[in-house]
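Student: Okay, here's the structure, questions in a sec.
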Amino acid sequence: MQTRRQFVVRGTKLVAVGAVAAAAGPTIFVRDAKADGQLKILQWSHFVPAYDKWFDPWAKEWGAKRGVNVTVDHVGFADVVPRATAEVAAQSGHDVHMFLGLASAFEEHVIDLADVVAALEKKYGKQVELAHRSTYNPFTKKQFALSDMWVPDRGNYHKEVWSKIGMENGPSTYDDLVKAAPEIKKVAPQMQIPIGVGLSQDIDSNMAVRNILWCHGGSIQDKDGNVVLNSPETLRALEYTKKLYSVGMTQAVLSWNAASNNQAFNAQETAYILNSISAYRTAQDNKLPVLANYFFTPALKGPTGTQLASEHVMSGYVVWKFSKSQDLAKELLVALVDASRDSMLGSKLYNFPSFFGAAAEPNTPLNRKQESGAAWIAAQCNKDPFGSTPPDKLALLAKSLPWSTNLGYPGFANPAEGEIFDTYVLTDMFAKAATGALSPKDAMAEASTRAKQIFDKWRQKKMVPGGGKDK
Amino acid sequence: MNTTTVSAAPVLHAGQTIRRADRRLGVFMLAPALLYITLLVALPFLLALFLSLTNSSAGSLEFSFVGLQNFKNVVASPVFRRALRNTFVFTFVSQAAVMVLGNVLARALMRPFFGKTLARFVILMPWAAPISLATLGWLWIFDSTFSVINWLLKVVGWLGPGQWYYWLGDTTLGMVAIITIHVWRMLPFSTVILLAGLTSIPNEVREASAIDGAGTLARIFQIEIPMMRPILTVAVLFGVVFTFTDMSVVYLLTRGGPYNSTHVLASLAFQDGVLGGDVGRGAAVAIFLVPVLVVLAIVMLRSSRRAEVV
């Protein structure tokens, strides 16, 4: 007969064995499955949901042709980096991980994709410069990621409102925003925020403030990786933003998340935002009243004529060193670039190919592939296959490459720039200066100190150059 | 005599065996809890302490010791000092509100009224709702452009033309929003605990106090609260520790904005350590939670023990 104590002891042993088996089980099964040909991809939930509907079956079909079971897991854009951090710590997870911005902080844990890029360049010609500068570290000479696409970041303006103030083509300089804001208040008093440039802790604001900084001649680093944020040009950008905030913005822009500027523009609560075409596609899908007045401008020019905008999204696919399917992963990335046309159409012209040549007409000679690809891209933008009225509404996107640049401009993207981006050092500086929480000079000094700390840390790790000429 | 000696020896031996076996069983039964605390509390804590002295980053398994550099940088940062202050404000204001409102609700729920079961269910809802889902709802309520509260205030004439509350775009209003949601979230738990405490007080005690001429306030402060002290201590201890280490509301609602002014230590540690990838700095920020939590725990447990003795 079993005593109560024996029952407890035996029961506990059973539970313990069960727990160990349950904990070990998935590991064992996953490893077996990988050995049989499995590829796991971590992908973001695209801002244009149609893309996910294209990508997932495409990836599975690609795998099926090779007898590989492809799994695609989607996470929100804000979870891409935390998920990567967790997988690196566990040294386990997906084989391919898609970053939206800078994957450079994870350089040590990813394989070198130089051979993939070399093969693609041999096939399609050079990739666009901003993609190269976002995925290659010249200091360590490592191609840590592969970009298949990037997204232009242009202005959206409300045609009717801007026409009423005599600027029917919208603003073309940053100064135009300051001049227009009081006029917009007069002709459209129902709009809460005449100019909707975000100054909050979110991805869109992070790009917007960089655009303002660059167009006023400032930058975080110089081309050699020295921290040069503490400069008269930065001060000028901050003073400009303070002025713009006082005449044309409200505290709402300090709290925006990635969707807020879209929502404000689509609800006709603002007359100008900086964004990709995802907000426009949402307005189209929902047949919103704003649609007839939804028009676009290229990047605005600064006081000296500098016209630059950060890419809105830059894909950076990495293959983890812990992946057991590295060759398969590389094949997938090549196939993804091969499918650049489908990818662009699948995203409703949100994605722009990083290898223009991959969008070329078939059988085009290598030396003409980039040109041919650019022509195909322009043809899509000049006659939007997704129902824009007029059909050439998106035409300016085809001309966005000259004014688009990478995070880290005028240098290469690097982990220090990534950390400054992810901890909102710049948006913090701009918001403090704009609202008067700090004087522009103090805001700049505070941000510069933090930027130098971050750069110094990464220099100690020998992943970022410069330091000799920090300001 | 002999019989007594012979018969006494096996009894003593059996007692010793039982005690030894009980001790073994006790250790065995405690082992899972000890293992849990060691693996999921002690080791991560020691690891965090260790990482705070290094330049460890999220994308790397290599690091070197930097001494107290992370702590020096963190203390010098205005964002950290603000987050430290916010953590105390967030914890103590929200806990004070929870205890007062919890008491009011618990007393209301003690009385019989029509629809009491439904009222209890509705009050418990915030505790059961996933915080991410609930905060998304609150995000719309406090949205700077489309706030439902503002529209309501416009309709009733509180806000005139051009007037608007930017709940999440203003440092003070941002903290008000964060505290409001946290109070809403913690209130059901407190209410249930306080209700249990109130119902455990025998009615004879209340009747005796009424006969002795005690008024409502005297009854609450001189009889009920002292008698509920152990259970109040548990509610406050749990609430304070939970709030002090919580980052979910801040992260989901303001992400620390505007301009990093509504961070609490936990959300700042997450931003620096996980999003920014500076694990050493993130660990240093998080370590600042420990001494406060230790002091709080000691104070609360001592006061609880004293209450038990009384």
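Residues in the structure tokens are named by chain (A, B, ... in the order shown) and by number from 1 within that chain; ligands are numbered from 1 in the order shown.
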Please identify all residues of chain A having at least one atom at most 7 Å from any atom of chain B, considering only C-alpha atoms, and return them as JSON, numbers by chain.

Tutor: {"A": [81, 82, 85, 88, 105, 106, 108, 109, 200, 201, 251, 252, 254, 255, 419, 422, 423, 428, 431, 432]}

Student: How would the residues just picked look written out with N, CA and C atoms as a short mmCIF file (atom, residue, chain, number, x, y, z; two decimals), in the first residue's frame?

Tutor:
```
data_model
loop_
_atom_site.label_atom_id
_atom_site.label_comp_id
_atom_site.auth_asym_id
_atom_site.auth_seq_id
_atom_site.Cartn_x
_atom_site.Cartn_y
_atom_site.Cartn_z
N VAL A 81 13.91 44.57 -32.90
CA VAL A 81 15.19 44.61 -32.18
C VAL A 81 15.13 43.82 -30.86
N PRO A 82 14.09 44.01 -30.02
CA PRO A 82 14.04 43.19 -28.80
C PRO A 82 14.06 41.69 -29.09
N THR A 85 17.56 40.68 -29.88
CA THR A 85 18.34 40.65 -28.64
C THR A 85 18.11 39.33 -27.90
N VAL A 88 19.74 36.38 -29.81
CA VAL A 88 21.20 36.37 -29.66
C VAL A 88 21.56 35.84 -28.28
N ALA A 105 24.38 46.69 -34.93
CA ALA A 105 24.74 46.35 -33.55
C ALA A 105 24.90 44.84 -33.38
N PHE A 106 24.34 44.08 -34.30
CA PHE A 106 24.36 42.62 -34.18
C PHE A 106 25.43 41.99 -35.08
N GLU A 108 28.44 41.11 -34.85
CA GLU A 108 29.26 40.01 -34.34
C GLU A 108 28.56 38.65 -34.48
N HIS A 109 27.25 38.67 -34.51
CA HIS A 109 26.50 37.41 -34.48
C HIS A 109 25.89 37.01 -35.80
N SER A 200 8.49 63.26 -31.51
CA SER A 200 8.25 62.35 -30.39
C SER A 200 9.22 61.17 -30.45
N GLN A 201 9.00 60.23 -29.54
CA GLN A 201 9.89 59.07 -29.46
C GLN A 201 9.34 57.96 -30.35
N GLN A 251 1.49 70.50 -28.96
CA GLN A 251 2.11 69.45 -28.15
C GLN A 251 1.76 68.05 -28.63
N ALA A 252 0.75 67.97 -29.49
CA ALA A 252 0.37 66.63 -30.01
C ALA A 252 1.57 65.95 -30.67
N LEU A 254 4.50 65.89 -29.92
CA LEU A 254 5.48 65.36 -28.96
C LEU A 254 5.10 63.96 -28.49
N SER A 255 3.86 63.58 -28.79
CA SER A 255 3.37 62.30 -28.26
C SER A 255 3.08 61.29 -29.36
N GLU A 419 22.19 53.03 -31.92
CA GLU A 419 21.80 53.22 -30.52
C GLU A 419 21.23 54.62 -30.29
N ASP A 422 17.71 54.41 -31.56
CA ASP A 422 16.79 53.62 -30.74
C ASP A 422 16.55 54.19 -29.35
N THR A 423 17.43 55.07 -28.89
CA THR A 423 17.20 55.68 -27.56
C THR A 423 16.76 57.14 -27.70
N ASP A 428 14.74 63.74 -28.69
CA ASP A 428 14.77 64.34 -27.36
C ASP A 428 15.35 65.76 -27.45
N ALA A 431 12.91 68.07 -29.42
CA ALA A 431 11.68 68.37 -28.67
C ALA A 431 11.98 69.33 -27.52
N LYS A 432 13.09 69.11 -26.83
CA LYS A 432 13.43 70.00 -25.71
C LYS A 432 13.68 71.42 -26.21
#
```

Student: Would you mind listing what lies within 12 Å of Glu160 (chain A) as a ChimeraX atom specification, with only C-alpha atoms counted and same-chain residues fewer than 5 positions away left out?

Tutor: /A:165-170,184,187-188,268,271-272,290-295

Student: Next, dump the selected residues to file, keeping only N, CA and C atoms, as a PDB file, in the first residue's frame.

Tutor:
```pdb
ATOM      1  N   ILE A 165      -3.645  78.960 -49.835  1.00  0.00           N
ATOM      2  CA  ILE A 165      -2.635  79.944 -49.392  1.00  0.00           C
ATOM      3  C   ILE A 165      -1.632  80.249 -50.524  1.00  0.00           C
ATOM      4  N   GLY A 166      -2.012  79.872 -51.739  1.00  0.00           N
ATOM      5  CA  GLY A 166      -1.201  80.226 -52.904  1.00  0.00           C
ATOM      6  C   GLY A 166      -0.002  79.335 -53.138  1.00  0.00           C
ATOM      7  N   MET A 167       0.014  78.136 -52.532  1.00  0.00           N
ATOM      8  CA  MET A 167       1.147  77.219 -52.759  1.00  0.00           C
ATOM      9  C   MET A 167       0.567  75.865 -53.176  1.00  0.00           C
ATOM     10  N   GLU A 168       0.012  75.843 -54.388  1.00  0.00           N
ATOM     11  CA  GLU A 168      -0.740  74.635 -54.762  1.00  0.00           C
ATOM     12  C   GLU A 168       0.137  73.399 -54.975  1.00  0.00           C
ATOM     13  N   ASN A 169       1.434  73.590 -55.115  1.00  0.00           N
ATOM     14  CA  ASN A 169       2.326  72.430 -55.218  1.00  0.00           C
ATOM     15  C   ASN A 169       2.941  72.059 -53.872  1.00  0.00           C
ATOM     16  N   GLY A 170       2.439  72.667 -52.820  1.00  0.00           N
ATOM     17  CA  GLY A 170       2.954  72.341 -51.487  1.00  0.00           C
ATOM     18  C   GLY A 170       4.278  73.029 -51.217  1.00  0.00           C
ATOM     19  N   ILE A 184      -2.161  78.760 -42.929  1.00  0.00           N
ATOM     20  CA  ILE A 184      -3.014  77.558 -42.833  1.00  0.00           C
ATOM     21  C   ILE A 184      -3.999  77.711 -41.677  1.00  0.00           C
ATOM     22  N   VAL A 187      -6.870  79.788 -43.064  1.00  0.00           N
ATOM     23  CA  VAL A 187      -7.788  79.202 -44.054  1.00  0.00           C
ATOM     24  C   VAL A 187      -8.385  77.869 -43.606  1.00  0.00           C
ATOM     25  N   ALA A 188      -7.725  77.216 -42.640  1.00  0.00           N
ATOM     26  CA  ALA A 188      -8.259  75.929 -42.162  1.00  0.00           C
ATOM     27  C   ALA A 188      -8.206  75.896 -40.634  1.00  0.00           C
ATOM     28  N   GLN A 268      -7.700  64.747 -41.672  1.00  0.00           N
ATOM     29  CA  GLN A 268      -7.613  66.165 -42.091  1.00  0.00           C
ATOM     30  C   GLN A 268      -7.435  67.089 -40.885  1.00  0.00           C
ATOM     31  N   ALA A 271      -2.045  69.598 -42.257  1.00  0.00           N
ATOM     32  CA  ALA A 271      -1.928  69.867 -43.696  1.00  0.00           C
ATOM     33  C   ALA A 271      -0.620  69.381 -44.293  1.00  0.00           C
ATOM     34  N   TYR A 272       0.298  68.894 -43.433  1.00  0.00           N
ATOM     35  CA  TYR A 272       1.586  68.423 -43.958  1.00  0.00           C
ATOM     36  C   TYR A 272       2.190  67.404 -43.005  1.00  0.00           C
ATOM     37  N   VAL A 290     -10.206  62.528 -47.470  1.00  0.00           N
ATOM     38  CA  VAL A 290      -8.959  63.266 -47.716  1.00  0.00           C
ATOM     39  C   VAL A 290      -8.312  62.885 -49.055  1.00  0.00           C
ATOM     40  N   LEU A 291      -8.734  61.766 -49.605  1.00  0.00           N
ATOM     41  CA  LEU A 291      -8.043  61.188 -50.764  1.00  0.00           C
ATOM     42  C   LEU A 291      -7.855  62.182 -51.917  1.00  0.00           C
ATOM     43  N   ALA A 292      -8.890  62.947 -52.211  1.00  0.00           N
ATOM     44  CA  ALA A 292      -8.805  63.880 -53.343  1.00  0.00           C
ATOM     45  C   ALA A 292      -7.749  64.951 -53.117  1.00  0.00           C
ATOM     46  N   ASN A 293      -7.417  65.209 -51.876  1.00  0.00           N
ATOM     47  CA  ASN A 293      -6.435  66.255 -51.561  1.00  0.00           C
ATOM     48  C   ASN A 293      -5.089  65.709 -51.117  1.00  0.00           C
ATOM     49  N   TYR A 294      -4.906  64.420 -51.312  1.00  0.00           N
ATOM     50  CA  TYR A 294      -3.668  63.750 -50.875  1.00  0.00           C
ATOM     51  C   TYR A 294      -2.595  63.908 -51.947  1.00  0.00           C
ATOM     52  N   PHE A 295      -1.627  64.762 -51.740  1.00  0.00           N
ATOM     53  CA  PHE A 295      -0.562  64.951 -52.727  1.00  0.00           C
ATOM     54  C   PHE A 295       0.800  64.947 -52.037  1.00  0.00           C
TER      55      PHE A 295
END
```

Student: Which one of A:Pro49, A:Gly373, A:Gly225, A:Pro171 sits closest to Ser347 (chain A) if you count only C-alpha atoms?

Tutor: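 Closest to Ser347 (chain A), using only C-alpha atoms: A:Pro49.
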
Student: Please provide as an mmCIF file with N, CA and C atoms, in the first residue's frame all residues within 10 Å of Arg219 (chain B), with the sequence filter that same-chain residues fewer than 5 positions apart are discarded (counting only C-alpha atoms).

Tutor:
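Contents of the output file out11.cif:
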```
data_model
loop_
_atom_site.group_PDB
_atom_site.id
_atom_site.type_symbol
_atom_site.label_atom_id
_atom_site.label_comp_id
_atom_site.auth_asym_id
_atom_site.auth_seq_id
_atom_site.Cartn_x
_atom_site.Cartn_y
_atom_site.Cartn_z
ATOM 1 N N VAL B 205 -17.736 43.216 17.058
ATOM 2 C CA VAL B 205 -16.791 44.314 17.326
ATOM 3 C C VAL B 205 -17.414 45.642 16.896
ATOM 4 N N ARG B 206 -18.043 45.624 15.722
ATOM 5 C CA ARG B 206 -18.673 46.858 15.230
ATOM 6 C C ARG B 206 -19.836 47.260 16.140
ATOM 7 N N SER B 209 -18.575 48.706 19.334
ATOM 8 C CA SER B 209 -18.073 50.083 19.152
ATOM 9 C C SER B 209 -19.237 51.060 19.025
ATOM 10 N N ALA B 210 -20.318 50.607 18.364
ATOM 11 C CA ALA B 210 -21.490 51.473 18.218
ATOM 12 C C ALA B 210 -22.123 51.741 19.585
ATOM 13 N N GLY B 213 -20.408 54.225 21.508
ATOM 14 C CA GLY B 213 -20.565 55.591 21.003
ATOM 15 C C GLY B 213 -19.539 56.015 19.970
ATOM 16 N N ALA B 214 -18.847 55.044 19.349
ATOM 17 C CA ALA B 214 -17.853 55.403 18.322
ATOM 18 C C ALA B 214 -18.560 55.839 17.038
ATOM 19 N N GLU B 224 -11.283 49.359 12.702
ATOM 20 C CA GLU B 224 -11.184 48.524 11.485
ATOM 21 C C GLU B 224 -9.769 48.524 10.885
ATOM 22 N N ILE B 225 -9.206 49.722 10.710
ATOM 23 C CA ILE B 225 -7.878 49.751 10.074
ATOM 24 C C ILE B 225 -6.834 49.037 10.931
#
```

Student: For region 175-188 of chain B, work out the shell of residues within 10 Å, counting only C-alpha atoms and skipping chain neighbours fewer than 5 positions away, then give it as a PyMOL selection string.

Tutor: chain B and resi 86+89-103+105-106+120-131+134-135+138-139+141-142+167-168+170+193-194+239+242-243+246+248-254+256+261-263

Student: Could you pull out all residues of region 62-211 of chain A with a DSSP call of strand (DSSP E) and give them as JSON, numbers by chain?

Tutor: {"A": [69, 70, 71, 72, 73, 74, 75, 96, 97, 98, 99, 136, 137, 142, 143, 149, 150, 151, 154, 155, 156, 157, 158]}

Student: Write out as a tab-separated table (two decimals) with N, CA and C atoms, in the first residue's frame the residues lying within 6 Å of region 404-415 of chain A, counting only C-alpha atoms and excluding same-chain residues fewer than 6 positions away.

Tutor:
```tsv
chain	number	residue	atom	x	y	z
A	104	SER	N	23.41	46.82	-37.55
A	104	SER	CA	24.86	46.85	-37.33
A	104	SER	C	25.26	46.46	-35.91
A	105	ALA	N	24.38	46.69	-34.93
A	105	ALA	CA	24.74	46.35	-33.55
A	105	ALA	C	24.90	44.84	-33.38
A	130	LEU	N	22.70	54.11	-50.75
A	130	LEU	CA	22.22	54.16	-49.36
A	130	LEU	C	22.00	52.76	-48.78
A	133	ARG	N	25.50	51.64	-47.79
A	133	ARG	CA	25.95	52.34	-46.59
A	133	ARG	C	25.18	51.91	-45.33
A	134	SER	N	24.07	51.22	-45.52
A	134	SER	CA	23.28	50.76	-44.37
A	134	SER	C	23.59	49.33	-43.98
A	222	ASP	N	30.67	62.84	-38.77
A	222	ASP	CA	31.15	63.22	-40.10
A	222	ASP	C	31.41	61.95	-40.90
A	223	LYS	N	31.94	62.09	-42.09
A	223	LYS	CA	32.08	60.90	-42.94
A	223	LYS	C	33.09	59.89	-42.37
A	308	LEU	N	17.75	66.69	-48.47
A	308	LEU	CA	18.00	65.30	-48.08
A	308	LEU	C	16.88	64.78	-47.20
A	309	ALA	N	16.62	63.50	-47.36
A	309	ALA	CA	15.67	62.84	-46.45
A	309	ALA	C	16.18	61.44	-46.16
A	310	SER	N	15.96	61.02	-44.94
A	310	SER	CA	16.36	59.67	-44.57
A	310	SER	C	15.46	58.66	-45.28
A	311	GLU	N	16.02	57.50	-45.61
A	311	GLU	CA	15.12	56.43	-46.07
A	311	GLU	C	14.07	56.21	-44.98
```

Student: Report as number ranges by chain all protein, DNA and RNA residues lying within 9 Å of region 57-66 of chain A, evaluated on only C-alpha atoms, omitting residues in the same chain fewer than 3 positions from it.

Tutor: A: 37-39, 52-54, 69-72, 332, 335-336

Student: For those residues, write C-alpha atoms to a file as a PDB file, in the first residue's frame.

Tutor:
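Listing of again34.pdb after writing:
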```
ATOM      1  CA  GLY A  37      15.419  21.204 -44.235  1.00  0.00           C
ATOM      2  CA  GLN A  38      13.641  23.940 -42.399  1.00  0.00           C
ATOM      3  CA  LEU A  39      14.108  27.678 -42.698  1.00  0.00           C
ATOM      4  CA  ASP A  52       2.617  40.166 -46.043  1.00  0.00           C
ATOM      5  CA  LYS A  53      -0.051  38.505 -48.157  1.00  0.00           C
ATOM      6  CA  TRP A  54       2.461  38.410 -50.994  1.00  0.00           C
ATOM      7  CA  ASN A  69       9.701  23.849 -44.907  1.00  0.00           C
ATOM      8  CA  VAL A  70       9.722  27.654 -44.617  1.00  0.00           C
ATOM      9  CA  THR A  71       8.196  29.282 -41.565  1.00  0.00           C
ATOM     10  CA  VAL A  72       7.524  33.025 -41.531  1.00  0.00           C
ATOM     11  CA  LEU A 332      16.429  32.731 -50.057  1.00  0.00           C
ATOM     12  CA  ALA A 335      15.638  34.771 -54.566  1.00  0.00           C
ATOM     13  CA  LEU A 336      14.074  37.698 -52.719  1.00  0.00           C
TER      14      LEU A 336
END
```
